[in-house]
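Containing TSV, C-alpha atoms and all ligand atoms: query-v1.tsv.
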```tsv
chain	number	residue	atom	x	y	z
A	9	MET	CA	3.77	-19.72	-13.58
A	10	LYS	CA	5.03	-19.62	-9.98
A	11	ILE	CA	4.09	-16.60	-7.87
A	12	LEU	CA	5.61	-15.93	-4.47
A	13	LEU	CA	3.33	-13.64	-2.46
A	14	LEU	CA	4.97	-12.03	0.56
A	15	GLY	CA	2.84	-10.29	3.21
A	16	SER	CA	-0.30	-12.24	2.32
A	17	SER	CA	-1.94	-11.42	5.67
A	18	GLY	CA	-1.88	-7.64	5.14
A	19	ASN	CA	-4.48	-5.27	3.67
A	20	ILE	CA	-3.18	-5.64	0.12
A	21	GLY	CA	-1.89	-9.19	0.67
A	22	CYS	CA	-5.33	-10.56	1.63
A	23	GLU	CA	-6.84	-9.17	-1.55
A	24	LEU	CA	-3.92	-10.43	-3.66
A	25	ARG	CA	-4.66	-13.94	-2.42
A	26	VAL	CA	-7.96	-13.63	-4.27
A	27	SER	CA	-6.81	-11.72	-7.37
A	28	LEU	CA	-3.77	-13.95	-8.04
A	29	ARG	CA	-5.50	-17.22	-7.18
A	30	ASP	CA	-6.09	-18.40	-10.74
A	31	MET	CA	-2.94	-16.98	-12.29
A	32	GLY	CA	-0.53	-19.77	-11.49
A	33	LYS	CA	0.89	-21.69	-8.57
A	34	LEU	CA	0.66	-19.32	-5.63
A	35	PHE	CA	3.14	-19.61	-2.73
A	36	MET	CA	2.08	-17.75	0.42
A	37	PRO	CA	4.64	-18.29	3.19
A	38	SER	CA	3.81	-17.19	6.72
A	39	ARG	CA	5.61	-14.28	8.31
A	40	THR	CA	7.99	-16.68	10.09
A	41	GLU	CA	8.73	-18.57	6.88
A	42	SER	CA	9.53	-15.30	5.12
A	43	ASP	CA	11.00	-13.29	7.98
A	44	PHE	CA	12.22	-10.00	6.50
A	45	THR	CA	14.62	-9.58	9.41
A	46	ASP	CA	16.44	-12.81	8.55
A	47	GLU	CA	18.49	-12.62	5.37
A	48	THR	CA	19.16	-16.36	5.20
A	49	ILE	CA	15.49	-17.32	5.54
A	50	LEU	CA	14.49	-14.85	2.84
A	51	ARG	CA	17.20	-15.82	0.33
A	52	THR	CA	16.71	-19.56	0.91
A	53	LEU	CA	12.94	-19.28	0.48
A	54	ILE	CA	13.31	-17.57	-2.90
A	55	ARG	CA	16.05	-19.91	-4.10
A	56	ASP	CA	13.95	-22.96	-3.14
A	57	ILE	CA	10.77	-21.79	-4.84
A	58	LYS	CA	12.41	-20.17	-7.90
A	59	PRO	CA	9.36	-18.03	-8.64
A	60	ASP	CA	8.59	-16.28	-11.92
A	61	TRP	CA	7.07	-13.43	-9.91
A	62	ILE	CA	7.73	-12.12	-6.42
A	63	ILE	CA	4.92	-9.90	-5.17
A	64	ASN	CA	6.03	-8.00	-2.09
A	65	ALA	CA	3.06	-6.81	-0.04
A	66	ALA	CA	5.02	-7.16	3.21
A	67	ALA	CA	6.22	-4.06	4.96
A	68	TYR	CA	6.65	-2.32	8.28
A	69	THR	CA	3.61	-0.02	8.03
A	70	ASN	CA	3.13	1.49	11.49
A	71	VAL	CA	3.99	5.10	10.66
A	72	GLU	CA	3.96	6.37	14.25
A	73	LYS	CA	5.87	3.43	15.75
A	74	ALA	CA	8.52	3.62	13.05
A	75	GLU	CA	9.73	6.85	14.69
A	76	SER	CA	11.01	4.77	17.63
A	77	GLU	CA	11.62	1.43	15.85
A	78	CYS	CA	13.87	2.97	13.21
A	79	GLU	CA	16.16	-0.01	12.80
A	80	LEU	CA	13.41	-2.60	12.40
A	81	ALA	CA	11.53	-0.41	9.90
A	82	THR	CA	14.74	0.07	7.90
A	83	GLN	CA	15.45	-3.66	7.90
A	84	VAL	CA	11.97	-4.58	6.63
A	85	ASN	CA	11.28	-1.68	4.26
A	86	ALA	CA	14.74	-1.12	2.82
A	87	LYS	CA	17.37	-3.82	3.48
A	88	ALA	CA	15.01	-6.76	2.87
A	89	VAL	CA	13.74	-5.13	-0.32
A	90	GLN	CA	17.32	-5.00	-1.61
A	91	ILE	CA	17.62	-8.73	-0.86
A	92	LEU	CA	14.41	-9.41	-2.81
A	93	GLY	CA	15.79	-7.39	-5.71
A	94	GLU	CA	19.12	-9.22	-5.68
A	95	GLU	CA	17.40	-12.60	-5.65
A	96	ALA	CA	14.99	-11.53	-8.40
A	97	ALA	CA	17.93	-10.37	-10.54
A	98	ARG	CA	19.70	-13.69	-9.94
A	99	LEU	CA	16.65	-15.66	-11.09
A	100	ASN	CA	15.66	-13.14	-13.77
A	101	CYS	CA	12.18	-13.04	-12.25
A	102	TRP	CA	9.86	-10.07	-11.80
A	103	LEU	CA	9.52	-8.23	-8.50
A	104	VAL	CA	6.37	-6.23	-7.77
A	105	HIS	CA	6.89	-3.93	-4.80
A	106	TYR	CA	4.49	-1.45	-3.19
A	107	SER	CA	5.54	1.98	-2.08
A	108	THR	CA	3.83	5.08	-0.82
A	109	ASP	CA	2.72	8.65	-1.46
A	110	TYR	CA	4.61	9.47	1.77
A	111	VAL	CA	7.93	9.43	-0.13
A	112	PHE	CA	7.00	13.00	-1.17
A	113	ASP	CA	7.16	16.07	1.06
A	114	GLY	CA	3.67	17.28	0.05
A	115	GLN	CA	4.81	20.78	-0.89
A	116	LYS	CA	3.99	20.47	-4.60
A	117	PRO	CA	0.78	22.36	-5.41
A	118	ASP	CA	-0.07	19.84	-8.15
A	119	LEU	CA	-0.34	16.05	-8.44
A	120	TYR	CA	2.96	14.16	-8.01
A	121	LEU	CA	4.58	12.53	-11.03
A	122	GLU	CA	6.72	9.40	-10.80
A	123	GLU	CA	9.90	11.32	-11.60
A	124	ASP	CA	9.36	14.11	-9.03
A	125	PRO	CA	12.11	14.20	-6.42
A	126	VAL	CA	11.29	12.40	-3.19
A	127	GLY	CA	11.43	14.21	0.14
A	128	PRO	CA	10.25	11.87	2.90
A	129	LEU	CA	9.21	13.62	6.10
A	130	CYS	CA	9.08	10.79	8.65
A	131	HIS	CA	11.13	7.69	9.34
A	132	TYR	CA	8.61	5.27	7.76
A	133	ALA	CA	8.68	7.36	4.58
A	134	LYS	CA	12.49	7.48	4.61
A	135	THR	CA	12.68	3.68	4.81
A	136	LYS	CA	10.18	3.33	1.93
A	137	ALA	CA	12.13	5.79	-0.24
A	138	ALA	CA	15.35	3.93	0.59
A	139	GLY	CA	13.70	0.60	-0.30
A	140	GLU	CA	12.70	1.92	-3.72
A	141	GLN	CA	16.22	3.17	-4.41
A	142	LEU	CA	17.95	-0.02	-3.24
A	143	LEU	CA	15.58	-2.12	-5.35
A	144	ARG	CA	16.37	-0.08	-8.48
A	145	THR	CA	20.10	-0.57	-8.00
A	146	THR	CA	19.75	-4.37	-8.10
A	147	GLY	CA	18.79	-4.17	-11.78
A	148	CYS	CA	15.96	-6.72	-11.52
A	149	LYS	CA	12.80	-6.50	-13.60
A	150	HIS	CA	10.44	-4.63	-11.31
A	151	LEU	CA	7.27	-2.68	-10.82
A	152	ILE	CA	7.37	-0.20	-7.96
A	153	LEU	CA	3.71	0.65	-7.41
A	154	ARG	CA	3.28	3.73	-5.23
A	155	THR	CA	-0.15	3.88	-3.70
A	156	SER	CA	-1.95	5.93	-1.02
A	157	TRP	CA	-4.27	5.77	1.99
A	158	VAL	CA	-4.82	2.00	1.71
A	159	TYR	CA	-7.79	0.31	3.36
A	160	SER	CA	-9.47	-3.09	3.41
A	161	ILE	CA	-11.96	-4.95	5.56
A	162	HIS	CA	-9.21	-7.27	6.79
A	163	ARG	CA	-7.23	-5.31	9.37
A	164	GLU	CA	-6.62	-2.02	11.07
A	165	ASN	CA	-6.70	1.02	8.80
A	166	PHE	CA	-8.41	4.43	8.72
A	167	PRO	CA	-12.02	3.43	7.89
A	168	MET	CA	-11.88	0.42	10.23
A	169	THR	CA	-10.68	2.70	13.06
A	170	ILE	CA	-13.38	5.31	12.35
A	171	LEU	CA	-16.04	2.58	12.40
A	172	LYS	CA	-14.78	1.21	15.69
A	173	LEU	CA	-14.69	4.66	17.29
A	174	SER	CA	-18.15	5.52	15.95
A	175	GLU	CA	-19.64	2.69	18.01
A	176	THR	CA	-18.63	4.28	21.31
A	177	ARG	CA	-17.96	7.99	20.82
A	178	ASP	CA	-20.48	10.85	20.43
A	179	GLN	CA	-17.90	13.03	18.76
A	180	LEU	CA	-14.88	12.47	16.55
A	181	THR	CA	-12.14	14.89	15.50
A	182	VAL	CA	-10.42	14.27	12.18
A	183	VAL	CA	-7.72	16.21	10.33
A	184	ASN	CA	-8.79	18.12	7.23
A	185	ASP	CA	-5.55	19.58	5.91
A	186	GLN	CA	-4.00	16.49	4.27
A	187	THR	CA	-5.20	15.71	0.76
A	188	GLY	CA	-4.99	12.35	-0.97
A	189	ALA	CA	-6.85	9.46	-2.53
A	190	PRO	CA	-8.16	6.64	-0.32
A	191	THR	CA	-7.37	3.48	-2.27
A	192	GLY	CA	-8.99	0.11	-1.62
A	193	ALA	CA	-6.79	-2.96	-1.41
A	194	VAL	CA	-9.34	-4.64	-3.70
A	195	LEU	CA	-8.50	-2.14	-6.45
A	196	ILE	CA	-4.73	-2.44	-5.91
A	197	ALA	CA	-4.88	-6.24	-6.06
A	198	ASP	CA	-7.05	-6.25	-9.16
A	199	ALA	CA	-4.77	-3.73	-10.90
A	200	THR	CA	-1.70	-5.77	-9.91
A	201	ALA	CA	-3.17	-8.97	-11.39
A	202	HIS	CA	-3.93	-6.98	-14.53
A	203	CYS	CA	-0.27	-5.88	-14.76
A	204	LEU	CA	0.92	-9.49	-14.51
A	205	LYS	CA	-1.40	-10.51	-17.34
A	206	LYS	CA	-0.27	-7.59	-19.53
A	207	ILE	CA	3.41	-8.31	-18.99
A	208	GLU	CA	3.02	-12.05	-19.49
A	209	ALA	CA	1.14	-11.36	-22.75
A	210	ASP	CA	3.87	-9.07	-24.10
A	211	PRO	CA	7.22	-10.10	-22.57
A	212	THR	CA	9.26	-8.17	-25.13
A	213	ARG	CA	7.96	-4.78	-24.03
A	214	SER	CA	9.86	-3.02	-21.26
A	215	TYR	CA	7.41	-2.38	-18.44
A	216	SER	CA	10.00	-2.18	-15.68
A	217	GLY	CA	9.80	0.99	-13.57
A	218	THR	CA	7.91	3.09	-11.05
A	219	TYR	CA	4.18	3.77	-11.33
A	220	HIS	CA	1.55	5.60	-9.31
A	221	LEU	CA	-1.41	3.33	-8.60
A	222	ALA	CA	-4.14	5.06	-6.60
A	223	ALA	CA	-7.85	5.75	-6.92
A	224	SER	CA	-8.78	8.84	-8.92
A	225	GLY	CA	-9.84	12.16	-7.35
A	226	ALA	CA	-8.88	13.37	-3.90
A	227	THR	CA	-10.28	14.22	-0.50
A	228	ASN	CA	-9.12	14.87	3.05
A	229	TRP	CA	-9.43	12.56	6.08
A	230	TYR	CA	-12.30	14.61	7.56
A	231	ASP	CA	-14.52	14.56	4.45
A	232	TYR	CA	-13.62	10.89	3.93
A	233	ALA	CA	-14.72	10.00	7.49
A	234	LYS	CA	-17.98	11.93	7.04
A	235	MET	CA	-18.79	10.15	3.79
A	236	LEU	CA	-17.94	6.78	5.29
A	237	LEU	CA	-20.22	7.16	8.32
A	238	LYS	CA	-23.08	8.52	6.15
A	239	GLU	CA	-22.84	5.46	3.90
A	240	ILE	CA	-22.64	3.08	6.86
A	241	GLU	CA	-25.76	4.62	8.44
A	242	LYS	CA	-27.59	4.45	5.09
A	243	ARG	CA	-27.01	0.69	5.18
A	244	GLY	CA	-28.80	0.39	8.51
A	245	ARG	CA	-25.82	0.15	10.89
A	246	LYS	CA	-26.38	2.12	14.13
A	247	ILE	CA	-23.56	4.48	15.06
A	248	LYS	CA	-23.14	6.57	18.21
A	249	THR	CA	-21.19	9.46	16.67
A	250	GLN	CA	-23.32	12.60	16.26
A	251	THR	CA	-20.61	15.08	15.29
A	252	ILE	CA	-17.36	14.90	13.35
A	253	SER	CA	-15.20	18.00	13.77
A	254	PRO	CA	-12.31	19.04	11.53
A	255	THR	CA	-8.90	19.78	12.97
A	256	SER	CA	-5.44	20.62	11.67
A	257	THR	CA	-2.49	18.23	11.50
A	258	GLU	CA	-0.66	20.56	13.89
A	259	ALA	CA	-3.44	20.52	16.48
A	260	TYR	CA	-3.81	16.74	16.16
A	261	GLY	CA	-0.14	16.42	17.05
A	262	ALA	CA	1.02	13.12	15.52
A	263	LYS	CA	4.67	12.25	16.10
A	264	ALA	CA	5.43	11.37	12.47
A	265	LEU	CA	5.10	14.15	9.89
A	266	ARG	CA	2.85	13.41	6.88
A	267	PRO	CA	2.73	15.22	3.53
A	268	LYS	CA	-0.09	17.79	3.20
A	269	ASN	CA	-0.46	16.92	-0.48
A	270	SER	CA	-0.46	13.19	-1.24
A	271	ARG	CA	-2.12	13.37	-4.65
A	272	LEU	CA	-0.49	11.10	-7.22
A	273	ASN	CA	-0.71	11.53	-10.98
A	274	THR	CA	-1.67	8.06	-12.25
A	275	THR	CA	-1.64	8.73	-16.00
A	276	LYS	CA	1.48	6.62	-16.59
A	277	PHE	CA	-0.10	3.56	-14.95
A	278	GLN	CA	-3.47	4.00	-16.68
A	279	THR	CA	-1.99	4.45	-20.16
A	280	THR	CA	0.80	1.87	-19.93
A	281	PHE	CA	-1.41	-0.89	-18.59
A	282	GLU	CA	-4.67	0.29	-20.23
A	283	TYR	CA	-6.43	0.18	-16.87
A	284	THR	CA	-8.92	2.77	-15.65
A	285	LEU	CA	-8.60	3.76	-12.01
A	286	PRO	CA	-12.05	4.68	-10.63
A	287	ASP	CA	-12.82	7.59	-8.27
A	288	TRP	CA	-12.00	6.98	-4.61
A	289	GLN	CA	-15.71	7.19	-3.68
A	290	ALA	CA	-16.45	3.98	-5.63
A	291	GLY	CA	-14.10	2.01	-3.36
A	292	VAL	CA	-15.60	3.52	-0.20
A	293	LEU	CA	-19.11	2.49	-1.33
A	294	GLU	CA	-17.82	-1.05	-1.95
A	295	PHE	CA	-16.18	-1.04	1.47
A	296	ALA	CA	-19.45	0.11	3.11
A	297	ASP	CA	-21.33	-2.67	1.31
A	298	SER	CA	-18.81	-5.34	2.37
A	299	ILE	CA	-18.53	-4.30	6.00
A	300	THR	CA	-22.32	-4.09	6.55
A	301	ARG	CA	-23.17	-7.26	4.65
A	401	LIG	N1	-1.49	1.12	4.50
A	401	LIG	C1	-1.37	2.23	3.80
A	401	LIG	O1	-2.09	3.22	4.00
A	401	LIG	C2	-0.37	2.29	2.67
A	401	LIG	C3	-0.30	3.47	1.90
A	401	LIG	C4	0.62	3.52	0.85
A	401	LIG	C5	1.44	2.45	0.59
A	401	LIG	N2	1.36	1.33	1.37
A	401	LIG	C6	2.28	0.23	1.09
A	401	LIG	O2	1.53	-0.90	0.66
A	401	LIG	C7	2.16	-2.12	1.08
A	401	LIG	C8	1.21	-3.00	1.82
A	401	LIG	O3	0.58	-2.26	2.86
A	401	LIG	P1	-0.57	-2.89	3.76
A	401	LIG	O4	-1.38	-1.77	4.31
A	401	LIG	O5	-1.23	-4.00	3.01
A	401	LIG	O6	0.32	-3.50	4.94
A	401	LIG	P2	-0.16	-4.29	6.25
A	401	LIG	O7	-1.63	-4.49	6.23
A	401	LIG	O8	0.46	-3.62	7.42
A	401	LIG	O9	0.53	-5.73	6.03
A	401	LIG	C9	1.92	-5.85	6.10
A	401	LIG	C10	2.29	-7.29	5.84
A	401	LIG	O10	3.70	-7.42	6.03
A	401	LIG	C11	3.95	-8.48	6.94
A	401	LIG	N3	5.17	-8.22	7.71
A	401	LIG	C12	5.42	-7.21	8.56
A	401	LIG	N4	6.66	-7.33	9.08
A	401	LIG	C13	7.21	-8.44	8.52
A	401	LIG	C14	8.45	-9.12	8.68
A	401	LIG	N5	9.39	-8.67	9.51
A	401	LIG	N6	8.68	-10.24	7.95
A	401	LIG	C15	7.73	-10.72	7.09
A	401	LIG	N7	6.52	-10.14	6.93
A	401	LIG	C16	6.26	-9.01	7.64
A	401	LIG	C17	2.71	-8.49	7.85
A	401	LIG	O11	2.61	-9.72	8.55
A	401	LIG	P3	1.70	-9.82	9.89
A	401	LIG	O12	0.29	-10.07	9.43
A	401	LIG	O13	2.29	-10.97	10.63
A	401	LIG	O14	1.82	-8.51	10.62
A	401	LIG	C18	1.62	-8.29	6.79
A	401	LIG	O15	1.37	-9.49	6.11
A	401	LIG	C19	3.38	-1.67	1.91
A	401	LIG	O16	4.51	-1.66	1.10
A	401	LIG	C20	3.05	-0.24	2.32
A	401	LIG	O17	4.20	0.52	2.55
A	401	LIG	C21	0.48	1.22	2.40
```
Since I need it in another form, could you write the structure as structure tokens?
Ligand SMILES: NC(=O)c1ccc[n+]([C@@H]2O[C@H](COP(=O)([O-])OP(=O)(O)OC[C@H]3O[C@@H](n4cnc5c(N)ncnc54)[C@H](OP(=O)(O)O)[C@@H]3O)[C@@H](O)[C@H]2O)c1
Amino acid sequence: MKILLLGSSGNIGCELRVSLRDMGKLFMPSRTESDFTDETILRTLIRDIKPDWIINAAAYTNVEKAESECELATQVNAKAVQILGEEAARLNCWLVHYSTDYVFDGQKPDLYLEEDPVGPLCHYAKTKAAGEQLLRTTGCKHLILRTSWVYSIHRENFPMTILKLSETRDQLTVVNDQTGAPTGAVLIADATAHCLKKIEADPTRSYSGTYHLAASGATNWYDYAKMLLKEIEKRGRKIKTQTISPTSTEAYGAKALRPKNSRLNTTKFQTTFEYTLPDWQAGVLEFADSITR
């Protein structure tokens, strides 16, 4: 089985390198070799490799910067995804694509279901919602896996930023009015590898579609930061931060709007793929172990 992994240097991509390692011949082109802003490079790469699976962990993920780099974000998160879908349809290969809780407007009082209408609030979210829709129209076999609040030990993300700041600052201020599930890239990669195995084992069943793949339970950024620093200190790491104060999204004043409610209902994923998604705290404990090791 040939697997083409795109975005293998990202949070999820780094963990996929490990989870997919023994599942077949893994192709991991560099960013230049798989430039999402160059249609010819992207199409030629896929046509040359002729993969059985394309796993797309590449994306334009800087939510704030996307407000001013609209065109680039659209190219990477929407137009290139359509190209991947078209090539996958042409080869009759599977395309796994990651999307985000940010496609929703956060107004629903309950957990979001896959079929709930999208209502992206910021440009990044609009490009991700557009990417999903363009992919569906190509008719390729696909899994759109919407996830939330992704972190890993490999690059910049919320817990890595909090840790860095906690080394130099006495006090931190973190928003407490956005709710969601921090989801480790380790979990996402493991669950993705599980999906590939399930589908390969039962190729006649129709798995194609959109799924919510996130850790169970929910929290807000403020409580998440508090738990993280407590666990880091428990493991003997010295931190400077004495106080973490809650603030509102409004007072924090980010340029890009985020949904207040990011909670995803993951029942469809868990039942279809017979995979239990653990509580978000389990991933944070694992993260604390790994980063202090
Ligand atoms: N991060 C989150 O909180 C979050 C939440 C929900 C959903 N998601 C979704 O999950 C997926 C993966 O996110 P992540 O956090 O793992 O992303 P990430 O860490 O930012 O990694 C993005 C990857 O895409 C590559 N890339 C960026 N621009 C490219 C281009 N023009 N051509 C080719 N490759 C390019 C990057 O290469 P370089 O290493 O060269 O930059 C990197 O390998 C994305 O679809 C994202 O929308 C993320």
Practice problem: Kindly indicate which residue among A:Asp118, A:Glu72, A:Glu95, A:Asp109 lies nearest to ligand LIG 401 (chain A), using all atoms listed in the file for the distances. | Solution: A:Asp109
Quiz item: Leaving out A:Trp157 and any residue of its chain fewer than 5 positions from it, which residues lie within 7 Å of it when counting only C-alpha atoms, given as a list of chain:residue names?
Solution: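 So the residues in contact are A:Ala189, A:Pro190, A:Thr191.
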Show me, as JSON lines, the residues of chain A having an atom within 7 Å of ligand LIG 401 (chain A), each with the closest atom pair and its distance in Å, using all atoms listed in the file.
```
{"residue": "A:Leu14", "atom": "CA", "partner": "A:LIG401", "partner_atom": "N7", "distance": 6.8}
{"residue": "A:Gly15", "atom": "CA", "partner": "A:LIG401", "partner_atom": "O15", "distance": 3.3}
{"residue": "A:Ser16", "atom": "CA", "partner": "A:LIG401", "partner_atom": "O15", "distance": 5.0}
{"residue": "A:Ser17", "atom": "CA", "partner": "A:LIG401", "partner_atom": "O15", "distance": 3.9}
{"residue": "A:Gly18", "atom": "CA", "partner": "A:LIG401", "partner_atom": "O9", "distance": 3.2}
{"residue": "A:Asn19", "atom": "CA", "partner": "A:LIG401", "partner_atom": "O5", "distance": 3.6}
{"residue": "A:Ile20", "atom": "CA", "partner": "A:LIG401", "partner_atom": "O5", "distance": 3.9}
{"residue": "A:Gly21", "atom": "CA", "partner": "A:LIG401", "partner_atom": "O5", "distance": 5.7}
{"residue": "A:Arg39", "atom": "CA", "partner": "A:LIG401", "partner_atom": "C15", "distance": 4.3}
{"residue": "A:Thr40", "atom": "CA", "partner": "A:LIG401", "partner_atom": "C15", "distance": 6.7}
{"residue": "A:Ser42", "atom": "CA", "partner": "A:LIG401", "partner_atom": "C15", "distance": 5.3}
{"residue": "A:Asp43", "atom": "CA", "partner": "A:LIG401", "partner_atom": "N6", "distance": 3.8}
{"residue": "A:Phe44", "atom": "CA", "partner": "A:LIG401", "partner_atom": "N6", "distance": 3.8}
{"residue": "A:Thr45", "atom": "CA", "partner": "A:LIG401", "partner_atom": "N5", "distance": 5.3}
{"residue": "A:Ala65", "atom": "CA", "partner": "A:LIG401", "partner_atom": "C8", "distance": 4.6}
{"residue": "A:Ala66", "atom": "CA", "partner": "A:LIG401", "partner_atom": "O10", "distance": 3.1}
{"residue": "A:Ala67", "atom": "CA", "partner": "A:LIG401", "partner_atom": "O10", "distance": 4.3}
{"residue": "A:Tyr68", "atom": "CA", "partner": "A:LIG401", "partner_atom": "C12", "distance": 5.1}
{"residue": "A:Thr69", "atom": "CA", "partner": "A:LIG401", "partner_atom": "O8", "distance": 4.8}
{"residue": "A:Val84", "atom": "CA", "partner": "A:LIG401", "partner_atom": "N5", "distance": 5.6}
{"residue": "A:His105", "atom": "CA", "partner": "A:LIG401", "partner_atom": "O16", "distance": 6.8}
{"residue": "A:Tyr106", "atom": "CA", "partner": "A:LIG401", "partner_atom": "O16", "distance": 4.3}
{"residue": "A:Ser107", "atom": "CA", "partner": "A:LIG401", "partner_atom": "C6", "distance": 4.9}
{"residue": "A:Thr108", "atom": "CA", "partner": "A:LIG401", "partner_atom": "C5", "distance": 3.8}
{"residue": "A:Asp109", "atom": "CA", "partner": "A:LIG401", "partner_atom": "C4", "distance": 6.0}
{"residue": "A:Lys136", "atom": "CA", "partner": "A:LIG401", "partner_atom": "O17", "distance": 6.6}
{"residue": "A:Arg154", "atom": "CA", "partner": "A:LIG401", "partner_atom": "C5", "distance": 6.2}
{"residue": "A:Thr155", "atom": "CA", "partner": "A:LIG401", "partner_atom": "C4", "distance": 4.6}
{"residue": "A:Ser156", "atom": "CA", "partner": "A:LIG401", "partner_atom": "C4", "distance": 4.0}
{"residue": "A:Trp157", "atom": "CA", "partner": "A:LIG401", "partner_atom": "O1", "distance": 3.9}
{"residue": "A:Val158", "atom": "CA", "partner": "A:LIG401", "partner_atom": "O1", "distance": 3.8}
{"residue": "A:Tyr159", "atom": "CA", "partner": "A:LIG401", "partner_atom": "O1", "distance": 6.4}
{"residue": "A:Arg163", "atom": "CA", "partner": "A:LIG401", "partner_atom": "O7", "distance": 6.5}
{"residue": "A:Asn165", "atom": "CA", "partner": "A:LIG401", "partner_atom": "N1", "distance": 6.8}
```
Residue subset to file, keeping C-alpha atoms, as an mmCIF file, in the coordinates of the input:
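Output saved as out.cif:
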```cif
data_model
loop_
_atom_site.group_PDB
_atom_site.id
_atom_site.type_symbol
_atom_site.label_atom_id
_atom_site.label_comp_id
_atom_site.auth_asym_id
_atom_site.auth_seq_id
_atom_site.Cartn_x
_atom_site.Cartn_y
_atom_site.Cartn_z
ATOM 1 C CA LEU A 14 4.970 -12.030 0.560
ATOM 2 C CA GLY A 15 2.840 -10.290 3.210
ATOM 3 C CA SER A 16 -0.300 -12.240 2.320
ATOM 4 C CA SER A 17 -1.940 -11.420 5.670
ATOM 5 C CA GLY A 18 -1.880 -7.640 5.140
ATOM 6 C CA ASN A 19 -4.480 -5.270 3.670
ATOM 7 C CA ILE A 20 -3.180 -5.640 0.120
ATOM 8 C CA GLY A 21 -1.890 -9.190 0.670
ATOM 9 C CA ARG A 39 5.610 -14.280 8.310
ATOM 10 C CA THR A 40 7.990 -16.680 10.090
ATOM 11 C CA SER A 42 9.530 -15.300 5.120
ATOM 12 C CA ASP A 43 11.000 -13.290 7.980
ATOM 13 C CA PHE A 44 12.220 -10.000 6.500
ATOM 14 C CA THR A 45 14.620 -9.580 9.410
ATOM 15 C CA ALA A 65 3.060 -6.810 -0.040
ATOM 16 C CA ALA A 66 5.020 -7.160 3.210
ATOM 17 C CA ALA A 67 6.220 -4.060 4.960
ATOM 18 C CA TYR A 68 6.650 -2.320 8.280
ATOM 19 C CA THR A 69 3.610 -0.020 8.030
ATOM 20 C CA VAL A 84 11.970 -4.580 6.630
ATOM 21 C CA HIS A 105 6.890 -3.930 -4.800
ATOM 22 C CA TYR A 106 4.490 -1.450 -3.190
ATOM 23 C CA SER A 107 5.540 1.980 -2.080
ATOM 24 C CA THR A 108 3.830 5.080 -0.820
ATOM 25 C CA ASP A 109 2.720 8.650 -1.460
ATOM 26 C CA LYS A 136 10.180 3.330 1.930
ATOM 27 C CA ARG A 154 3.280 3.730 -5.230
ATOM 28 C CA THR A 155 -0.150 3.880 -3.700
ATOM 29 C CA SER A 156 -1.950 5.930 -1.020
ATOM 30 C CA TRP A 157 -4.270 5.770 1.990
ATOM 31 C CA VAL A 158 -4.820 2.000 1.710
ATOM 32 C CA TYR A 159 -7.790 0.310 3.360
ATOM 33 C CA ARG A 163 -7.230 -5.310 9.370
ATOM 34 C CA ASN A 165 -6.700 1.020 8.800
#
```
Contacts of stretch 209-224 of chain A at 6 Å or less, counting all atoms listed in the file, minus same-chain residues fewer than 2 places along, as a CSV table (one decimal) with C-alpha atoms, in the frame of the given file?
```
chain,number,residue,atom,x,y,z
A,149,LYS,CA,12.8,-6.5,-13.6
A,150,HIS,CA,10.4,-4.6,-11.3
A,151,LEU,CA,7.3,-2.7,-10.8
A,152,ILE,CA,7.4,-0.2,-8.0
A,153,LEU,CA,3.7,0.6,-7.4
A,154,ARG,CA,3.3,3.7,-5.2
A,155,THR,CA,-0.2,3.9,-3.7
A,189,ALA,CA,-6.8,9.5,-2.5
A,191,THR,CA,-7.4,3.5,-2.3
A,206,LYS,CA,-0.3,-7.6,-19.5
A,207,ILE,CA,3.4,-8.3,-19.0
A,274,THR,CA,-1.7,8.1,-12.2
A,277,PHE,CA,-0.1,3.6,-15.0
A,285,LEU,CA,-8.6,3.8,-12.0
A,286,PRO,CA,-12.0,4.7,-10.6
A,287,ASP,CA,-12.8,7.6,-8.3
A,288,TRP,CA,-12.0,7.0,-4.6
```
Exercise. Pick out the residues sitting within 8 Å of stretch 233-249 of chain A, and hand them over as a list in words; count only C-alpha atoms, and ignore anything fewer than 2 positions along from it in its own chain.
Key: Pro167, Ile170, Leu171, Ser174, Glu175, Thr176, Arg177, Asp178, Gln179, Leu180, Val182, Trp229, Tyr230, Asp231, Thr251, Ile252, Val292, Leu293, Ala296, Asp297 and Thr300 of chain A
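Proximity ranking of A:Leu50, A:Cys101, A:Ala81, A:Val183 relative to A:Ile11 places A:Cys101 first, based on all atoms listed in the file.
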